[in-house]
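These notes concern the structure reproduced below.
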Amino acid sequence: MIFPNESESRIAPLSTDNLSPECVKILERLPGKGLKGEGFPSNLLGILMQNQETLEPFLDYWVTSKAKMGLSVREQELVILRMAVLYRSEYVWKHHVKVGREFGINDTELDAIRQGSYGAFSAARERALLELTEAFMNDRYLPPELWNRTKSVLGSRDFVDLISLVSQYVLFALTNVCLQVQVEPGVANLPGIKG
């Protein structure tokens, strides 16, 4: 399946200058600097602003759950980057390359994520999270053999947190791919999914 690469978003993003003060405060709680400044996802947020009534509760859930998860920020970024590959979302990929690098993901690991080659990761926990992400995305199912192999490395809370993270980024990836949200200039020159 080939995804079109349109030159403008299918829905024009609203200006994030009009984000409510509550939304701005929520976004300030995001970990690290990657999604702030030049990496701020203004086009995506501008699209999500189309429904002001759901934006603030969603952002609060998203930011709070990311901060309270048992998964480290690095582990979350590995999952998000693999989801970007599986959804073919350059938008998610480029924004999270920036964040991932901030939390220690190197170019060799980025290549491994692109390829779906998890042997590059020495931590069994990271390999398990990536394998589970693959199963959740491709099969929408957790096969018994994968469950049995990963439950010795991950706790119950990790499985719940991973499902929560994957579900949040399905929203972001689908929004970006279906509505052709354009990548902001501040991250446009970062390496893409194809390298």
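By convention here, the chains of the structure tokens are called A, B, ... in the order presented, each chain's residues are numbered starting at 1, and ligands are numbered starting at 1 in the order presented.
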Report as JSON lines: every residue of range 106-137 of chain A with an atom at most 9 Å from range 144-168 of chain A, its closest pair of atoms, and their distance in Å to one decimal, counting only C-alpha atoms, with rows sorted by chain and ascending residue number.
```
{"residue": "A:Ala124", "atom": "CA", "partner": "A:Val153", "partner_atom": "CA", "distance": 6.9}
{"residue": "A:Arg125", "atom": "CA", "partner": "A:Val153", "partner_atom": "CA", "distance": 5.8}
{"residue": "A:Ala128", "atom": "CA", "partner": "A:Thr150", "partner_atom": "CA", "distance": 5.7}
{"residue": "A:Leu129", "atom": "CA", "partner": "A:Leu162", "partner_atom": "CA", "distance": 7.6}
{"residue": "A:Glu131", "atom": "CA", "partner": "A:Leu146", "partner_atom": "CA", "distance": 8.1}
{"residue": "A:Leu132", "atom": "CA", "partner": "A:Leu146", "partner_atom": "CA", "distance": 7.5}
{"residue": "A:Thr133", "atom": "CA", "partner": "A:Val166", "partner_atom": "CA", "distance": 7.3}
{"residue": "A:Ala135", "atom": "CA", "partner": "A:Leu146", "partner_atom": "CA", "distance": 8.6}
{"residue": "A:Phe136", "atom": "CA", "partner": "A:Val166", "partner_atom": "CA", "distance": 8.0}
{"residue": "A:Met137", "atom": "CA", "partner": "A:Val166", "partner_atom": "CA", "distance": 8.2}
```
Residues within 12 Å of Lys194 in chain A, please, as a VMD selection string. Count only C-alpha atoms; anything in the same chain fewer than 6 positions from it doesn't count. chain A and resid 84 to 85 88 to 90 93 to 94 110 to 115
Could you list, with a cut-off of 8 Å and counting only C-alpha atoms, the residues of range 86-188 of chain A near range 37-53 of chain A, each shown with its nearest atom pair and the distance in Å rounded to one decimal, rows sorted by chain and ascending number, as a Markdown table?
```
| residue | atom | partner | partner_atom | distance |
| --- | --- | --- | --- | --- |
| A:His95 | CA | A:Gly39 | CA | 6.3 |
| A:Lys98 | CA | A:Gly39 | CA | 7.5 |
| A:Phe172 | CA | A:Leu44 | CA | 7.9 |
| A:Thr175 | CA | A:Leu44 | CA | 7.8 |
| A:Asn176 | CA | A:Leu44 | CA | 7.1 |
| A:Val181 | CA | A:Leu44 | CA | 6.4 |
| A:Gln182 | CA | A:Asn43 | CA | 6.7 |
| A:Val183 | CA | A:Asn43 | CA | 7.4 |
| A:Glu184 | CA | A:Asn43 | CA | 7.0 |
| A:Pro185 | CA | A:Glu38 | CA | 7.8 |
| A:Gly186 | CA | A:Glu38 | CA | 4.6 |
| A:Val187 | CA | A:Gly39 | CA | 6.0 |
```
Can you pull out every residue from chain A that DSSP, working from the backbone, puts in helix (DSSP H, G or I), and format the result as a ChimeraX atom specification? /A:16-18,21-28,37-39,42-48,52-68,73-87,90-102,107-115,118-120,124-138,144-150,156-178,185-188
I'd like the interatomic distance between CA of Gln180 in chain A and CA of Arg10 in chain A, to a tenth of an Å.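 Distance reported for this atom pair: 6.0 Å.
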Write out as a ChimeraX atom specification each polymer residue whose atoms come within 12 Å of Lys25 in chain A, counting only C-alpha atoms; drop sequence neighbours fewer than 6 positions from it. /A:19,56,59-60,63-64
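Comparing the minimum interatomic distances between Leu130 in chain A and each of A:Leu30, A:Val73, A:Ala173, A:Leu78, counting only C-alpha atoms, we find that A:Leu78 sits nearest.
For the pair CA of Arg101 in chain A and CA of Ser9 in chain A, the interatomic distance is 27.1 Å.
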Counting only C-alpha atoms, which of A:Asn189, A:Glu134, A:Pro31, A:Pro143 gets nearest to Ser72 in chain A? A:Pro31
Mind pulling up the distance from CA of Leu174 in chain A to CA of Lys33 in chain A? 24.1 Å
Give the answer as one residue: which of A:Glu126, A:Glu8, A:Glu28, A:Glu22 has the shortest atom-to-atom distance to Arg74 in chain A, using only C-alpha atoms? A:Glu126
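The closest residue to Leu86 in chain A, picked from A:Ser7, A:Thr108, A:Asn138, A:Thr54 and counting only C-alpha atoms, is A:Asn138.
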